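Peer 1: So that you have it, the file is start35.csv, and it contains CSV, C-alpha atoms:
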```
chain,number,residue,atom,x,y,z
A,157,MET,CA,-9.0,-32.7,43.8
A,158,LYS,CA,-7.4,-34.2,40.7
A,159,ILE,CA,-9.3,-31.8,38.5
A,160,LEU,CA,-8.1,-28.8,40.6
A,161,ALA,CA,-4.5,-30.0,40.4
A,162,VAL,CA,-4.6,-30.5,36.6
A,163,THR,CA,-6.2,-27.1,36.2
A,164,LEU,CA,-3.5,-25.4,38.3
A,165,ILE,CA,-0.7,-27.2,36.4
A,166,SER,CA,-2.3,-26.2,33.0
A,167,LEU,CA,-2.7,-22.6,34.1
A,168,SER,CA,0.9,-22.6,35.3
A,169,LEU,CA,2.2,-23.9,31.9
A,170,PHE,CA,0.0,-21.5,30.0
A,171,ALA,CA,1.3,-18.6,32.0
A,172,SER,CA,4.9,-19.7,31.4
A,173,VAL,CA,4.3,-20.0,27.6
A,174,ALA,CA,2.5,-16.7,27.4
A,175,SER,CA,5.3,-15.0,29.4
A,176,HIS,CA,8.0,-16.5,27.1
A,177,ALA,CA,6.1,-15.4,24.0
A,178,GLN,CA,5.8,-11.8,25.2
A,179,THR,CA,9.5,-11.6,26.0
A,180,SER,CA,10.6,-13.2,22.7
A,181,THR,CA,8.6,-10.7,20.6
A,182,THR,CA,10.2,-7.8,22.3
A,183,LYS,CA,13.7,-9.1,21.5
A,184,ALA,CA,13.3,-9.3,17.7
A,185,PRO,CA,16.6,-8.9,15.9
A,186,THR,CA,17.0,-5.7,13.9
A,187,SER,CA,17.0,-7.7,10.6
A,188,SER,CA,13.4,-8.7,11.3
A,189,LEU,CA,12.1,-5.2,11.5
A,190,ILE,CA,9.8,-3.8,8.7
A,191,LYS,CA,11.5,-1.1,6.7
A,192,ILE,CA,9.5,1.6,5.0
A,193,VAL,CA,11.2,3.8,2.3
A,194,ARG,CA,9.2,6.9,1.7
A,195,SER,CA,8.6,7.8,-2.0
A,196,ASP,CA,9.9,11.3,-1.5
A,197,SER,CA,13.3,9.9,-0.5
A,198,LEU,CA,13.7,7.9,-3.7
A,199,GLN,CA,15.9,9.6,-6.4
A,200,SER,CA,15.4,9.4,-10.1
A,201,ASN,CA,18.4,9.4,-12.4
A,202,LYS,CA,18.8,9.8,-16.1
A,203,GLY,CA,19.3,6.4,-17.9
A,204,SER,CA,22.9,6.0,-19.2
A,205,ALA,CA,23.3,6.5,-22.9
A,206,GLN,CA,25.4,3.3,-22.8
A,207,TYR,CA,22.3,1.3,-21.9
A,208,PHE,CA,19.4,3.3,-23.3
A,209,THR,CA,18.4,5.2,-26.4
A,210,GLY,CA,16.3,8.4,-25.9
A,211,SER,CA,15.1,10.0,-22.7
A,212,VAL,CA,14.9,7.5,-19.8
A,213,GLN,CA,14.6,8.0,-16.1
A,214,VAL,CA,15.5,5.2,-13.7
A,215,GLN,CA,14.4,5.2,-10.0
A,216,GLN,CA,15.8,2.4,-7.8
A,217,LEU,CA,12.9,1.3,-5.6
A,218,PHE,CA,14.8,-1.3,-3.6
A,219,PRO,CA,18.4,-2.6,-3.8
A,220,ALA,CA,19.4,-6.2,-3.2
A,221,ASN,CA,19.6,-6.5,0.6
A,222,ASP,CA,22.2,-8.5,2.5
A,223,PRO,CA,21.8,-10.9,4.1
A,224,SER,CA,19.1,-12.3,1.9
A,225,ARG,CA,18.1,-15.7,0.6
A,226,THR,CA,17.8,-14.0,-2.9
A,227,SER,CA,19.4,-10.9,-4.0
A,228,THR,CA,16.4,-9.2,-5.6
A,229,SER,CA,16.3,-5.6,-6.7
A,230,GLY,CA,13.6,-3.5,-8.2
A,231,GLY,CA,13.2,-0.2,-10.0
A,232,LYS,CA,10.8,2.1,-11.8
A,233,VAL,CA,11.8,3.0,-15.4
A,234,THR,CA,10.1,5.7,-17.4
A,235,PHE,CA,10.7,5.8,-21.2
A,236,GLU,CA,9.7,8.9,-23.1
A,237,ALA,CA,8.2,8.2,-26.5
A,238,GLY,CA,10.8,6.5,-28.8
A,239,ALA,CA,13.1,5.6,-25.9
A,240,ARG,CA,14.3,2.0,-25.3
A,241,SER,CA,16.8,-0.2,-23.6
A,242,ALA,CA,19.8,-1.8,-25.3
A,243,TRP,CA,19.6,-5.6,-25.9
A,244,HIS,CA,20.3,-7.4,-22.6
A,245,THR,CA,19.8,-10.6,-20.5
A,246,HIS,CA,19.2,-11.3,-16.9
A,247,PRO,CA,20.8,-14.3,-15.1
A,248,PHE,CA,17.6,-15.3,-13.3
A,249,GLY,CA,15.0,-13.6,-15.6
A,250,GLN,CA,13.0,-10.5,-15.0
A,251,ILE,CA,9.5,-9.4,-14.2
A,252,LEU,CA,8.1,-6.2,-15.7
A,253,ILE,CA,4.9,-4.6,-14.5
A,254,VAL,CA,3.7,-1.8,-16.8
A,255,THR,CA,2.2,1.0,-14.7
A,256,GLU,CA,1.6,3.7,-17.4
A,257,GLY,CA,1.5,4.1,-21.1
A,258,THR,CA,2.2,1.7,-24.0
A,259,GLY,CA,5.5,0.1,-24.8
A,260,TRP,CA,7.2,-2.6,-26.9
A,261,ILE,CA,9.2,-5.6,-26.0
A,262,GLN,CA,11.1,-7.9,-28.3
A,263,GLN,CA,13.0,-11.2,-27.7
A,264,TRP,CA,16.0,-11.8,-30.0
A,265,GLY,CA,14.7,-13.3,-33.3
A,266,GLY,CA,11.0,-12.7,-32.3
A,267,PRO,CA,8.4,-10.1,-33.2
A,268,ILE,CA,8.0,-6.8,-31.4
A,269,GLU,CA,5.1,-7.1,-29.0
A,270,GLU,CA,3.0,-4.3,-27.5
A,271,ILE,CA,2.7,-4.0,-23.7
A,272,ARG,CA,0.2,-1.8,-21.9
A,273,LYS,CA,-0.7,-0.5,-18.5
A,274,GLY,CA,-1.5,-3.4,-16.2
A,275,ASP,CA,0.4,-6.0,-18.2
A,276,VAL,CA,2.9,-8.3,-16.3
A,277,ILE,CA,5.7,-9.7,-18.4
A,278,TRP,CA,8.0,-12.6,-17.4
A,279,ILE,CA,11.3,-12.7,-19.2
A,280,PRO,CA,13.1,-16.0,-18.7
A,281,SER,CA,16.7,-16.4,-17.6
A,282,GLY,CA,19.3,-15.6,-20.3
A,283,VAL,CA,16.7,-14.5,-22.9
A,284,LYS,CA,18.2,-11.6,-25.0
A,285,HIS,CA,15.6,-8.9,-25.2
A,286,TRP,CA,14.9,-5.1,-25.2
A,287,HIS,CA,11.9,-3.0,-24.0
A,288,GLY,CA,10.9,0.6,-24.2
A,289,ALA,CA,8.2,3.0,-25.3
A,290,THR,CA,6.5,3.1,-28.6
A,291,PRO,CA,7.3,5.9,-31.0
A,292,ASN,CA,4.2,7.9,-30.0
A,293,SER,CA,3.7,7.0,-26.3
A,294,ALA,CA,5.7,7.1,-23.1
A,295,MET,CA,5.8,3.9,-20.9
A,296,THR,CA,6.6,3.3,-17.3
A,297,HIS,CA,7.3,-0.1,-15.8
A,298,ILE,CA,8.5,-1.6,-12.5
A,299,ALA,CA,11.4,-4.0,-13.1
A,300,ILE,CA,12.2,-6.8,-10.6
A,301,GLN,CA,15.2,-9.1,-11.0
A,302,GLU,CA,17.6,-11.2,-9.0
A,303,GLU,CA,21.4,-10.8,-9.0
A,304,LEU,CA,24.0,-13.5,-9.6
A,305,ASN,CA,27.4,-12.7,-8.1
A,306,GLY,CA,26.3,-9.1,-7.7
A,307,LYS,CA,25.1,-8.6,-11.2
A,308,ALA,CA,21.4,-8.5,-12.3
A,309,VAL,CA,21.8,-7.6,-16.0
A,310,GLU,CA,24.2,-8.3,-18.9
A,311,TRP,CA,24.1,-5.3,-21.2
A,312,MET,CA,24.7,-5.8,-24.9
A,313,GLU,CA,24.5,-3.8,-28.1
A,314,GLN,CA,22.1,-0.9,-28.7
A,315,VAL,CA,18.8,-1.6,-30.5
A,316,THR,CA,19.2,0.0,-33.9
A,317,ASP,CA,16.6,2.3,-35.4
A,318,GLU,CA,16.0,-0.4,-38.1
A,319,GLN,CA,15.3,-3.0,-35.4
A,320,TYR,CA,13.1,-0.6,-33.4
A,321,HIS,CA,10.9,0.3,-36.4
A,322,LYS,CA,10.6,-3.2,-37.7
```
Just dump the structure as structure tokens.

Peer 2:
Amino acid sequence: MKILAVTLISLSLFASVASHAQTSTTKAPTSSLIKIVRSDSLQSNKGSAQYFTGSVQVQQLFPANDPSRTSTSGGKVTFEAGARSAWHTHPFGQILIVTEGTGWIQQWGGPIEEIRKGDVIWIPSGVKHWHGATPNSAMTHIAIQEELNGKAVEWMEQVTDEQYHK
């Protein structure tokens, strides 16, 4: 009799928990829903001559979302041969993932380094740098960075031809 009572109580508790779990999953807040952005809806824009030298296309893949624990944004940047960014920094650093071609990156005061398809580059917070294509090859990368007070990048002076060809 005790076994039957324990079994019935256990089944009753299990049914109650299962019922609660089903109702709580159907009431997910809208901020918890998966969002898919189709690639054909993403627009590409010409990189501003204020921030880039040469032919550059910038495609925002995802903006910083509110509310968010971190304000992270990402974009795809395509540099035609010889194109490059201006010198700049990021308040929380930046990750680059090279998806096509060969490019260059340089930290202020350091050597120019080659980056290739498949390379992942971490640029620490506040490090002055530039990146772009080599003179003879286009390069595309995904850039991911966090914002501080709504700002993900601090743009500086253009990279001169002398600096680029060093």

Peer 1: By how many Å are atom CA of Gly231 of chain A and atom CA of Leu189 of chain A apart?

Peer 2: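 Atom CA of Gly231 of chain A sits 22.1 Å away from atom CA of Leu189 of chain A.
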
Peer 1: Write out as a PDB file with C-alpha atoms, in the frame of the given file each polymer residue whose atoms come within 8 Å of Glu303 of chain A, counting only C-alpha atoms; drop sequence neighbours fewer than 5 positions from it.

Peer 2:
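Wrote part_12.pdb, looks like this:
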```
ATOM      1  CA  ALA A 220      19.400  -6.200  -3.200  1.00  0.00           C
ATOM      2  CA  THR A 226      17.800 -14.000  -2.900  1.00  0.00           C
ATOM      3  CA  SER A 227      19.400 -10.900  -4.000  1.00  0.00           C
ATOM      4  CA  THR A 228      16.400  -9.200  -5.600  1.00  0.00           C
ATOM      5  CA  SER A 229      16.300  -5.600  -6.700  1.00  0.00           C
ATOM      6  CA  PRO A 247      20.800 -14.300 -15.100  1.00  0.00           C
ATOM      7  CA  PHE A 248      17.600 -15.300 -13.300  1.00  0.00           C
ATOM      8  CA  ALA A 308      21.400  -8.500 -12.300  1.00  0.00           C
ATOM      9  CA  VAL A 309      21.800  -7.600 -16.000  1.00  0.00           C
TER      10      VAL A 309
END
```

Peer 1: For each of A:Val212, A:Ile253, A:Leu217, A:Ile268, take the minimum atom-to-atom distance to Gln199 of chain A, counting all atoms listed in the file, then give the residue where this is smallest.

Peer 2: A:Leu217

Peer 1: In Å, how far is it from atom CA of His246 of chain A to atom CA of Ile261 of chain A?

Peer 2: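 Here the two named atoms are 14.7 Å from each other.
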
Peer 1: A:His297, A:Glu310, A:Trp260, A:Ser195: which is nearest Thr234 of chain A, counting all atoms listed in the file?

Peer 2: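 Of A:His297, A:Glu310, A:Trp260, A:Ser195, the one nearest Thr234 of chain A, counting all atoms listed in the file, is A:His297.
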
Peer 1: Could you check the closest approach to Lys191 of chain A for each of A:Ile300, A:Val233, A:Phe218, A:Gln213 and tell me which residue wins, using only C-alpha atoms?

Peer 2: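 Among the listed residues, the smallest separation from Lys191 of chain A belongs to A:Phe218.
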
Peer 1: Quick one: of A:Thr255, A:Gln262, A:Ser188, A:Gln250, who's nearest to Val315 of chain A, counting all atoms listed in the file?

Peer 2: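 Looking only at the distances to Val315 of chain A, the closest residue turns out to be A:Gln262.
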
Peer 1: Considering all atoms listed in the file, return as a list in words whatever protein or nucleic-acid residues lie within 7 Å of Trp286 of chain A, sequence-local ones (same chain, fewer than 4 positions apart) excluded.

Peer 2: Ser241, Ala242, Trp243, His244, Ile261, Gln262 and Gln263 of chain A

Peer 1: Please indicate the distance in Å from atom CA of Lys232 of chain A to atom CA of Glu269 of chain A, rounded to one decimal place.

Peer 2: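 Pair atom CA of Lys232 of chain A / atom CA of Glu269 of chain A returns 20.3 Å.
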
Peer 1: Here is a test: counting all atoms listed in the file, which residue of A:Ile271, A:Ile251, A:Ala205, A:Val214 is nearest to Gln301 of chain A?

Peer 2: A:Ile251

Peer 1: Between A:Pro291, A:Glu270, A:Ala237, A:Ser204, which is the closest to Trp311 of chain A once you count only C-alpha atoms?

Peer 2: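 Selected residue with least distance to Trp311 of chain A: A:Ser204.
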
Peer 1: Is it possible to dump segment 252-298 of chain A as an mmCIF file, in the first residue's frame, including just N, CA and C atoms?

Peer 2:
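So result-v3.cif came out as:
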```cif
data_model
loop_
_atom_site.group_PDB
_atom_site.id
_atom_site.type_symbol
_atom_site.label_atom_id
_atom_site.label_comp_id
_atom_site.auth_asym_id
_atom_site.auth_seq_id
_atom_site.Cartn_x
_atom_site.Cartn_y
_atom_site.Cartn_z
ATOM 1 N N LEU A 252 39.422 39.603 -36.339
ATOM 2 C CA LEU A 252 39.294 39.521 -37.789
ATOM 3 C C LEU A 252 39.396 38.055 -38.192
ATOM 4 N N ILE A 253 38.530 37.645 -39.107
ATOM 5 C CA ILE A 253 38.581 36.300 -39.672
ATOM 6 C C ILE A 253 38.687 36.477 -41.180
ATOM 7 N N VAL A 254 39.841 36.135 -41.738
ATOM 8 C CA VAL A 254 40.067 36.310 -43.173
ATOM 9 C C VAL A 254 39.328 35.195 -43.907
ATOM 10 N N THR A 255 38.422 35.583 -44.818
ATOM 11 C CA THR A 255 37.606 34.596 -45.535
ATOM 12 C C THR A 255 38.031 34.413 -46.985
ATOM 13 N N GLU A 256 38.737 35.390 -47.543
ATOM 14 C CA GLU A 256 39.198 35.296 -48.932
ATOM 15 C C GLU A 256 40.464 36.122 -49.108
ATOM 16 N N GLY A 257 41.362 35.653 -49.962
ATOM 17 C CA GLY A 257 42.498 36.454 -50.391
ATOM 18 C C GLY A 257 43.643 36.555 -49.402
ATOM 19 N N THR A 258 44.491 37.551 -49.678
ATOM 20 C CA THR A 258 45.681 37.821 -48.878
ATOM 21 C C THR A 258 45.704 39.293 -48.528
ATOM 22 N N GLY A 259 46.033 39.585 -47.282
ATOM 23 C CA GLY A 259 46.067 40.978 -46.844
ATOM 24 C C GLY A 259 47.256 41.260 -45.963
ATOM 25 N N TRP A 260 47.289 42.478 -45.477
ATOM 26 C CA TRP A 260 48.323 42.924 -44.563
ATOM 27 C C TRP A 260 47.668 43.547 -43.345
ATOM 28 N N ILE A 261 48.375 43.460 -42.222
ATOM 29 C CA ILE A 261 47.982 44.153 -41.003
ATOM 30 C C ILE A 261 49.248 44.693 -40.365
ATOM 31 N N GLN A 262 49.124 45.858 -39.743
ATOM 32 C CA GLN A 262 50.274 46.440 -39.071
ATOM 33 C C GLN A 262 49.840 47.129 -37.796
ATOM 34 N N GLN A 263 50.581 46.870 -36.738
ATOM 35 C CA GLN A 263 50.418 47.563 -35.464
ATOM 36 C C GLN A 263 51.385 48.737 -35.476
ATOM 37 N N TRP A 264 50.982 49.870 -34.904
ATOM 38 C CA TRP A 264 51.827 51.072 -34.866
ATOM 39 C C TRP A 264 53.209 50.704 -34.309
ATOM 40 N N GLY A 265 54.243 51.029 -35.096
ATOM 41 C CA GLY A 265 55.614 50.757 -34.667
ATOM 42 C C GLY A 265 56.100 49.352 -34.970
ATOM 43 N N GLY A 266 55.238 48.495 -35.481
ATOM 44 C CA GLY A 266 55.610 47.106 -35.780
ATOM 45 C C GLY A 266 55.716 46.858 -37.273
ATOM 46 N N PRO A 267 56.134 45.657 -37.636
ATOM 47 C CA PRO A 267 56.253 45.315 -39.061
ATOM 48 C C PRO A 267 54.891 45.019 -39.687
ATOM 49 N N ILE A 268 54.809 45.145 -41.002
ATOM 50 C CA ILE A 268 53.612 44.710 -41.730
ATOM 51 C C ILE A 268 53.630 43.183 -41.738
ATOM 52 N N GLU A 269 52.486 42.578 -41.415
ATOM 53 C CA GLU A 269 52.391 41.120 -41.398
ATOM 54 C C GLU A 269 51.345 40.659 -42.398
ATOM 55 N N GLU A 270 51.620 39.545 -43.078
ATOM 56 C CA GLU A 270 50.687 38.997 -44.052
ATOM 57 C C GLU A 270 49.609 38.184 -43.344
ATOM 58 N N ILE A 271 48.374 38.338 -43.799
ATOM 59 C CA ILE A 271 47.249 37.540 -43.304
ATOM 60 C C ILE A 271 46.584 36.874 -44.503
ATOM 61 N N ARG A 272 46.165 35.611 -44.310
ATOM 62 C CA ARG A 272 45.622 34.816 -45.414
ATOM 63 C C ARG A 272 44.288 34.173 -45.048
ATOM 64 N N LYS A 273 43.594 33.696 -46.068
ATOM 65 C CA LYS A 273 42.316 33.000 -45.875
ATOM 66 C C LYS A 273 42.444 31.954 -44.773
ATOM 67 N N GLY A 274 41.513 32.018 -43.823
ATOM 68 C CA GLY A 274 41.493 31.081 -42.711
ATOM 69 C C GLY A 274 42.158 31.616 -41.455
ATOM 70 N N ASP A 275 42.970 32.673 -41.575
ATOM 71 C CA ASP A 275 43.629 33.242 -40.399
ATOM 72 C C ASP A 275 42.617 33.962 -39.514
ATOM 73 N N VAL A 276 42.833 33.871 -38.206
ATOM 74 C CA VAL A 276 42.027 34.585 -37.216
ATOM 75 C C VAL A 276 42.987 35.502 -36.475
ATOM 76 N N ILE A 277 42.664 36.788 -36.430
ATOM 77 C CA ILE A 277 43.547 37.789 -35.854
ATOM 78 C C ILE A 277 42.857 38.439 -34.665
ATOM 79 N N TRP A 278 43.553 38.528 -33.530
ATOM 80 C CA TRP A 278 43.053 39.242 -32.351
ATOM 81 C C TRP A 278 43.844 40.527 -32.222
ATOM 82 N N ILE A 279 43.166 41.653 -32.224
ATOM 83 C CA ILE A 279 43.778 42.963 -32.029
ATOM 84 C C ILE A 279 43.358 43.440 -30.640
ATOM 85 N N PRO A 280 44.303 43.584 -29.713
ATOM 86 C CA PRO A 280 43.940 43.977 -28.346
ATOM 87 C C PRO A 280 43.349 45.383 -28.250
ATOM 88 N N SER A 281 42.681 45.614 -27.165
ATOM 89 C CA SER A 281 42.069 46.905 -26.855
ATOM 90 C C SER A 281 43.076 48.044 -26.966
ATOM 91 N N GLY A 282 42.691 49.099 -27.680
ATOM 92 C CA GLY A 282 43.493 50.315 -27.752
ATOM 93 C C GLY A 282 44.727 50.242 -28.631
ATOM 94 N N VAL A 283 44.970 49.127 -29.317
ATOM 95 C CA VAL A 283 46.160 49.001 -30.164
ATOM 96 C C VAL A 283 45.908 49.693 -31.504
ATOM 97 N N LYS A 284 46.754 50.682 -31.810
ATOM 98 C CA LYS A 284 46.647 51.417 -33.076
ATOM 99 C C LYS A 284 47.146 50.511 -34.202
ATOM 100 N N HIS A 285 46.317 50.358 -35.236
ATOM 101 C CA HIS A 285 46.633 49.435 -36.325
ATOM 102 C C HIS A 285 45.880 49.801 -37.598
ATOM 103 N N TRP A 286 46.243 49.132 -38.675
ATOM 104 C CA TRP A 286 45.488 49.196 -39.930
ATOM 105 C C TRP A 286 45.501 47.803 -40.541
ATOM 106 N N HIS A 287 44.581 47.550 -41.467
ATOM 107 C CA HIS A 287 44.562 46.294 -42.212
ATOM 108 C C HIS A 287 43.946 46.537 -43.570
ATOM 109 N N GLY A 288 44.304 45.680 -44.516
ATOM 110 C CA GLY A 288 43.778 45.816 -45.866
ATOM 111 C C GLY A 288 44.361 44.757 -46.782
ATOM 112 N N ALA A 289 44.153 44.950 -48.074
ATOM 113 C CA ALA A 289 44.648 44.019 -49.083
ATOM 114 C C ALA A 289 46.122 44.287 -49.372
ATOM 115 N N THR A 290 46.766 43.327 -50.005
ATOM 116 C CA THR A 290 48.120 43.552 -50.491
ATOM 117 C C THR A 290 48.015 44.316 -51.813
ATOM 118 N N PRO A 291 49.138 44.823 -52.343
ATOM 119 C CA PRO A 291 49.069 45.553 -53.612
ATOM 120 C C PRO A 291 48.546 44.716 -54.780
ATOM 121 N N ASN A 292 48.694 43.378 -54.706
ATOM 122 C CA ASN A 292 48.336 42.521 -55.842
ATOM 123 C C ASN A 292 47.200 41.544 -55.581
ATOM 124 N N SER A 293 46.578 41.603 -54.413
ATOM 125 C CA SER A 293 45.528 40.643 -54.081
ATOM 126 C C SER A 293 44.427 41.301 -53.268
ATOM 127 N N ALA A 294 43.195 40.978 -53.608
ATOM 128 C CA ALA A 294 42.057 41.433 -52.804
ATOM 129 C C ALA A 294 42.019 40.603 -51.516
ATOM 130 N N MET A 295 41.302 41.104 -50.513
ATOM 131 C CA MET A 295 41.167 40.385 -49.243
ATOM 132 C C MET A 295 39.825 40.725 -48.629
ATOM 133 N N THR A 296 39.155 39.708 -48.097
ATOM 134 C CA THR A 296 37.889 39.889 -47.384
ATOM 135 C C THR A 296 38.033 39.317 -45.990
ATOM 136 N N HIS A 297 37.510 40.048 -45.012
ATOM 137 C CA HIS A 297 37.508 39.528 -43.645
ATOM 138 C C HIS A 297 36.190 39.845 -42.963
ATOM 139 N N ILE A 298 35.885 39.054 -41.944
ATOM 140 C CA ILE A 298 34.789 39.330 -41.027
ATOM 141 C C ILE A 298 35.416 40.062 -39.847
#
```
